[in-house]
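> Sharing my_file04.txt below, compact mmCIF, C-alpha atoms:
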# COMPACT_ATOMS: atom_id res chain seq x y z
CA MET F 637 0.00 0.00 0.00
CA THR F 638 1.30 3.44 -0.82
CA GLY F 639 1.71 6.31 1.59
CA GLY F 640 -1.36 7.97 0.08
CA GLY F 641 -3.41 4.82 0.69
CA GLU F 642 -2.43 4.74 4.35
CA ALA F 643 -3.77 8.24 4.86
CA GLU F 644 -7.28 7.27 3.72
CA PRO F 645 -8.52 5.66 6.97
CA SER F 646 -7.46 8.79 8.82
CA ALA F 647 -9.40 10.97 6.37
CA ALA F 648 -12.47 8.74 6.62
CA ARG F 649 -12.25 8.84 10.41
CA ALA F 650 -11.96 12.61 10.33
CA VAL F 651 -15.08 12.86 8.16
CA ALA F 652 -16.92 10.52 10.55
CA VAL F 653 -15.82 12.67 13.50
CA ALA F 654 -17.03 15.81 11.73
CA LEU F 655 -20.37 14.21 10.88
CA ALA F 656 -20.79 13.04 14.48
CA GLY F 657 -19.98 16.55 15.66
CA TRP F 658 -22.58 18.00 13.34
CA LEU F 659 -25.28 15.50 14.33
CA VAL F 660 -24.75 15.86 18.07
CA PRO F 661 -22.97 19.09 19.05
CA GLY F 662 -19.75 18.27 20.85
CA LEU F 663 -19.71 14.58 19.94
CA GLY F 664 -16.91 15.05 17.42
CA HIS F 665 -14.61 16.47 20.07
CA ALA F 666 -15.77 13.85 22.59
CA LEU F 667 -14.68 11.10 20.18
CA LEU F 668 -11.26 12.76 20.11
CA LYS F 669 -11.29 12.84 23.93
CA MET F 670 -11.29 16.65 23.94
CA TRP F 671 -13.75 16.67 26.80
CA GLY F 672 -13.64 20.36 27.72
CA ARG F 673 -14.29 21.53 24.19
CA ALA F 674 -16.97 18.86 23.71
CA LEU F 675 -18.83 20.06 26.78
CA ALA F 676 -18.42 23.72 25.85
CA ILE F 677 -19.81 23.14 22.35
CA PHE F 678 -22.70 21.03 23.60
CA LEU F 679 -23.68 23.59 26.22
CA THR F 680 -23.18 26.61 23.94
CA VAL F 681 -25.16 25.24 21.02
CA GLY F 682 -27.80 23.82 23.36
CA PHE F 683 -28.13 27.11 25.24
CA LEU F 684 -28.40 29.13 22.02
CA VAL F 685 -31.08 26.76 20.69
CA TYR F 686 -32.95 26.98 23.99
CA LEU F 687 -32.78 30.79 23.95
CA GLY F 688 -33.71 31.00 20.27
CA ALA F 689 -36.72 28.75 20.68
CA GLY F 690 -37.72 30.45 23.94
CA MET F 691 -37.61 33.83 22.23
CA ARG F 692 -39.83 32.37 19.52
CA GLY F 693 -37.29 32.75 16.76
CA ASN F 694 -38.00 31.47 13.28
CA VAL F 695 -36.96 27.85 12.76
CA PHE F 696 -36.69 27.70 8.98
CA GLU F 697 -38.09 24.71 7.14
CA PRO F 698 -36.64 23.09 4.01
CA GLY F 699 -37.84 24.37 0.66
CA GLY F 700 -38.02 28.04 1.58
CA GLU F 701 -39.48 30.44 -0.96
CA ASP F 702 -36.57 32.86 -1.10
CA ALA F 703 -32.80 32.80 -0.69
CA PHE F 704 -33.02 34.16 2.85
CA ALA F 705 -35.30 31.32 3.95
CA ARG F 706 -33.10 28.72 2.27
CA LEU F 707 -29.97 30.18 3.81
CA GLY F 708 -31.73 30.32 7.16
CA TYR F 709 -32.58 26.65 6.87
CA VAL F 710 -28.94 25.78 6.14
CA ALA F 711 -27.89 27.73 9.22
CA ASP F 712 -30.57 26.13 11.42
CA ALA F 713 -29.80 22.65 10.09
CA GLY F 714 -26.22 23.26 11.18
CA THR F 715 -27.33 22.41 14.71
CA GLY F 716 -27.86 18.79 13.60
CA SER F 717 -30.23 16.93 15.89
CA PHE F 718 -30.82 20.11 17.89
CA TYR F 719 -32.80 21.42 14.92
CA PHE F 720 -35.58 19.02 15.92
CA VAL F 721 -35.18 20.01 19.56
CA ALA F 722 -35.76 23.64 18.54
CA ARG F 723 -38.88 22.68 16.62
CA ALA F 724 -40.14 20.58 19.52
CA LEU F 725 -39.52 23.39 22.02
CA GLU F 726 -41.32 25.98 19.93
CA ILE F 727 -44.78 24.59 20.45
CA SER F 728 -46.53 27.91 19.87
CA GLY F 729 -44.60 28.68 16.68
CA SER F 730 -42.36 31.58 15.84
CA ASP F 731 -43.23 35.23 16.35
CA VAL F 732 -40.88 37.66 14.65
CA SER F 733 -43.25 40.61 14.97
CA HIS F 734 -41.32 41.57 18.12
CA ALA F 735 -37.61 42.10 18.71
CA ASP F 736 -37.45 38.94 20.85
CA GLY F 737 -38.41 36.73 17.94
CA ASP F 738 -35.98 38.47 15.63
CA TYR F 739 -33.15 37.97 18.11
CA GLY F 740 -34.28 34.38 18.59
CA THR F 741 -33.94 33.76 14.84
CA ARG F 742 -30.35 35.02 14.99
CA PHE F 743 -29.60 32.92 18.07
CA LEU F 744 -30.80 29.78 16.29
CA ALA F 745 -28.82 30.56 13.14
CA THR F 746 -25.72 31.33 15.20
CA ALA F 747 -26.07 28.01 17.02
CA GLY F 748 -26.03 26.23 13.65
CA VAL F 749 -23.09 28.14 12.23
CA LEU F 750 -21.16 27.70 15.46
CA ASN F 751 -21.81 23.96 15.40
CA LEU F 752 -20.61 23.75 11.79
CA LEU F 753 -17.47 25.62 12.82
CA ALA F 754 -16.98 23.19 15.70
CA ALA F 755 -17.46 20.20 13.38
CA LEU F 756 -14.82 21.64 11.05
CA HIS F 757 -12.54 22.15 14.04
CA ALA F 758 -13.04 18.50 15.06
CA TYR F 759 -12.26 17.44 11.49
CA GLU F 760 -9.00 19.38 11.53
CA ALA F 761 -8.07 17.94 14.92
CA ALA F 762 -8.82 14.40 13.72
CA ARG F 763 -6.53 14.97 10.73
CA GLY F 764 -3.78 15.84 13.17
CA ARG F 765 -3.64 19.47 12.23
CA LYS F 766 -3.15 22.11 14.86
CA ALA F 767 -6.56 22.93 16.24
CA MET A 154 -41.90 26.24 27.05
CA VAL A 155 -42.20 29.59 28.78
CA PRO A 156 -41.52 32.44 26.32
CA LEU A 157 -38.34 34.35 27.11
CA HIS A 158 -38.27 38.13 26.94
CA PHE A 159 -35.11 40.21 26.83
CA SER A 160 -34.35 43.81 26.07
CA HIS A 161 -32.06 44.69 23.15
CA LEU A 162 -29.12 45.23 25.50
CA GLN A 163 -29.77 42.01 27.41
CA SER A 164 -29.93 40.08 24.14
CA LEU A 165 -26.68 41.68 22.97
CA LEU A 166 -24.90 40.88 26.24
CA LEU A 167 -26.19 37.30 26.30
CA PHE A 168 -25.21 36.72 22.70
CA ALA A 169 -21.76 38.26 23.20
CA LEU A 170 -21.13 36.25 26.35
CA VAL A 171 -22.10 32.86 24.94
CA ILE A 172 -20.31 33.30 21.61
CA SER A 173 -17.18 34.72 23.24
CA LEU A 174 -16.94 31.74 25.58
CA ALA A 175 -17.30 29.38 22.62
CA PHE A 176 -14.71 31.28 20.58
CA GLY A 177 -12.30 31.25 23.49
CA THR A 178 -12.75 27.52 24.01
CA LEU A 179 -12.38 26.65 20.33
CA GLY A 180 -9.76 29.16 19.35
CA ARG A 181 -7.06 28.84 21.97
CA ARG A 182 -5.27 26.05 23.82
CA LYS A 183 -3.90 27.51 27.03
CA PRO A 184 -6.45 28.49 29.72
CA ILE A 185 -5.06 31.99 30.16
CA GLU A 186 -5.15 32.58 26.40
CA ARG A 187 -8.74 31.34 26.32
CA VAL A 188 -9.78 33.78 29.04
CA LYS A 189 -7.99 36.68 27.35
CA TYR A 190 -9.45 35.90 23.93
CA ALA A 191 -12.97 35.42 25.33
CA ALA A 192 -12.75 38.72 27.22
CA TRP A 193 -11.43 40.57 24.17
CA SER A 194 -14.10 39.01 21.95
CA PHE A 195 -16.85 39.90 24.45
CA ALA A 196 -15.67 43.50 24.67
CA MET A 197 -15.52 43.82 20.88
CA PHE A 198 -19.00 42.32 20.42
CA VAL A 199 -20.50 44.74 22.92
CA LEU A 200 -18.59 47.83 21.85
CA VAL A 201 -19.11 47.30 18.12
CA GLY A 202 -22.78 46.41 18.72
CA ILE A 203 -23.42 49.58 20.70
CA ALA A 204 -21.44 51.68 18.19
CA LEU A 205 -23.46 50.30 15.28
CA GLY A 206 -26.66 50.92 17.23
CA TRP A 207 -25.77 54.58 17.67
CA LEU A 208 -24.70 54.85 14.02
CA MET A 209 -28.13 53.58 12.94
CA TYR A 210 -30.01 55.70 15.46
CA PRO A 211 -30.48 58.77 13.16
CA PHE A 212 -32.21 56.54 10.58
CA SER A 213 -34.53 54.84 13.05
CA ARG A 214 -37.40 57.29 12.68
Show this structure as structure tokens.


Amino acid sequence: MTGGGEAEPSAARAVAVALAGWLVPGLGHALLKMWGRALAIFLTVGFLVYLGAGMRGNVFEPGGEDAFARLGYVADAGTGSFYFVARALEISGSDVSHADGDYGTRFLATAGVLNLLAALHAYEAARGRKA
Amino acid sequence: MVPLHFSHLQSLLLFALVISLAFGTLGRRKPIERVKYAAWSFAMFVLVGIALGWLMYPFSR
């Protein structure tokens, strides 16, 4: 096997770690035994989702009518499984007619983008790069 | 769940605090560097947020 072939399992593992980190915030770092970062990511993303849903932010659904809605869905879906938690928490639906709801929408989107950033960080760490 | 209500400033502070802590944790390795980076990030979030708020104030009505 060549040197390039030997690197493949490591790349596949890194992708698996990143996917795990996306699905469950912090899991990617937990698999790498980076416990502090795993806990911080889990709590941060979870707290932002809780705040966003509590403030009745907009949880975007797939197939939005405009680019903003589609982009919003991508950001919200960045929270992985927490996307469904947000939808479950928001039993009375979103209300962006007040500032609270508008802030809530940003909190939810930030949670998703932050989780994607964390998943990328876990990927880099799994590849052995400085992270 | 019980609806949460925050003022603009409370929302800004909460957002800045949570994101700064996450940035500090992800972005630095040594504990002291994490604290410094989180504090700097928090200060920048708040200061820039308030500055932008005042910049937009003349156009708010």

> Might you pull out every residue within 10 Å of Leu157 of chain A, with only C-alpha atoms counted and same-chain residues fewer than 3 positions away left off, and present them as a list in words?

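Those residues are Tyr686, Leu687, Gly688, Ala689, Gly690, Met691, Arg692, Asp736, Gly737 and Gly740 of chain F; Met154 of chain A.
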
> The selected residues should be written to file as a CSV table (one decimal), in the coordinates of the input (atoms: C-alpha atoms).


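File produced: selection.csv:
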chain,number,residue,atom,x,y,z
F,686,TYR,CA,-33.0,27.0,24.0
F,687,LEU,CA,-32.8,30.8,24.0
F,688,GLY,CA,-33.7,31.0,20.3
F,689,ALA,CA,-36.7,28.8,20.7
F,690,GLY,CA,-37.7,30.4,23.9
F,691,MET,CA,-37.6,33.8,22.2
F,692,ARG,CA,-39.8,32.4,19.5
F,736,ASP,CA,-37.4,38.9,20.8
F,737,GLY,CA,-38.4,36.7,17.9
F,740,GLY,CA,-34.3,34.4,18.6
A,154,MET,CA,-41.9,26.2,27.0

> In Å, rounded to a single decimal, give me how far atom CA of Leu679 of chain F is from atom CA of Glu760 of chain F.

21.2 Å

> Determine, counting all atoms listed in the file, which protein, DNA and RNA residues have an atom within 8 Å of an atom of segment 168-184 of chain A; residues of the same chain fewer than 6 positions away are not included. Present the result as a PDB file with C-alpha atoms, keeping the file's coordinate frame.


ATOM      1  CA  ARG F 673     -14.290  21.530  24.190  1.00  0.00           C
ATOM      2  CA  ALA F 676     -18.420  23.720  25.850  1.00  0.00           C
ATOM      3  CA  ILE F 677     -19.810  23.140  22.350  1.00  0.00           C
ATOM      4  CA  THR F 680     -23.180  26.610  23.940  1.00  0.00           C
ATOM      5  CA  LEU F 684     -28.400  29.130  22.020  1.00  0.00           C
ATOM      6  CA  PHE F 743     -29.600  32.920  18.070  1.00  0.00           C
ATOM      7  CA  ALA F 754     -16.980  23.190  15.700  1.00  0.00           C
ATOM      8  CA  HIS F 757     -12.540  22.150  14.040  1.00  0.00           C
ATOM      9  CA  ALA F 767      -6.560  22.930  16.240  1.00  0.00           C
TER      10      ALA F 767
ATOM     11  CA  TYR A 190      -9.450  35.900  23.930  1.00  0.00           C
ATOM     12  CA  ALA A 191     -12.970  35.420  25.330  1.00  0.00           C
ATOM     13  CA  ALA A 192     -12.750  38.720  27.220  1.00  0.00           C
ATOM     14  CA  SER A 194     -14.100  39.010  21.950  1.00  0.00           C
ATOM     15  CA  PHE A 195     -16.850  39.900  24.450  1.00  0.00           C
ATOM     16  CA  PHE A 198     -19.000  42.320  20.420  1.00  0.00           C
ATOM     17  CA  VAL A 199     -20.500  44.740  22.920  1.00  0.00           C
TER      18      VAL A 199
END

> Find the spatial neighbours of segment 666-668 of chain F, counting only C-alpha atoms, within a cut-off of 12 Å - ignore same-chain residues fewer than 3 positions away - and output them as a PyMOL selection string.

chain F and resi 649-650+652-657+660-663+671-678+754-755+757-764+767

> Counting all atoms listed in the file, which of F:Asp712, F:Asp702, F:Asp731, F:Glu726 gets nearest to chain A?

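Once distances to chain A are computed over all atoms listed in the file, the minimum belongs to F:Glu726.
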
> In Å, with one decimal, what is the gap from atom CA of Arg723 of chain F to atom CA of Tyr709 of chain F?

12.3 Å

> In Å, with one decimal, what is the gap from atom CA of Arg214 of chain A to atom CA of Phe704 of chain F?

25.5 Å

> Produce the centre coordinates and the three edge lengths, each in Å to one decimal, of the box along x, y and z that contains all listed atoms of segment 656-659 of chain F with 4 Å added on each side, as JSON.


{"center_x": -22.6, "center_y": 15.5, "center_z": 14.5, "size_x": 13.3, "size_y": 13.0, "size_z": 10.3}

> Here is a test: counting all atoms listed in the file, which residue of F:Phe683, F:Ser733, F:Gly714, F:Asn694 is nearest to chain A?

F:Phe683

> Would you mind telling me which residue in F:Ala722, F:Ser730, F:Gly708, F:Ser717 lies nearest to Ala745 of chain F when using all atoms listed in the file?

F:Gly708

> With only C-alpha atoms as the basis for distance, which of A:Leu167, A:Glu186, A:His161, A:Trp193 is at the shortest distance from Gly206 of chain A?

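Closest residue, counting only C-alpha atoms: A:His161.
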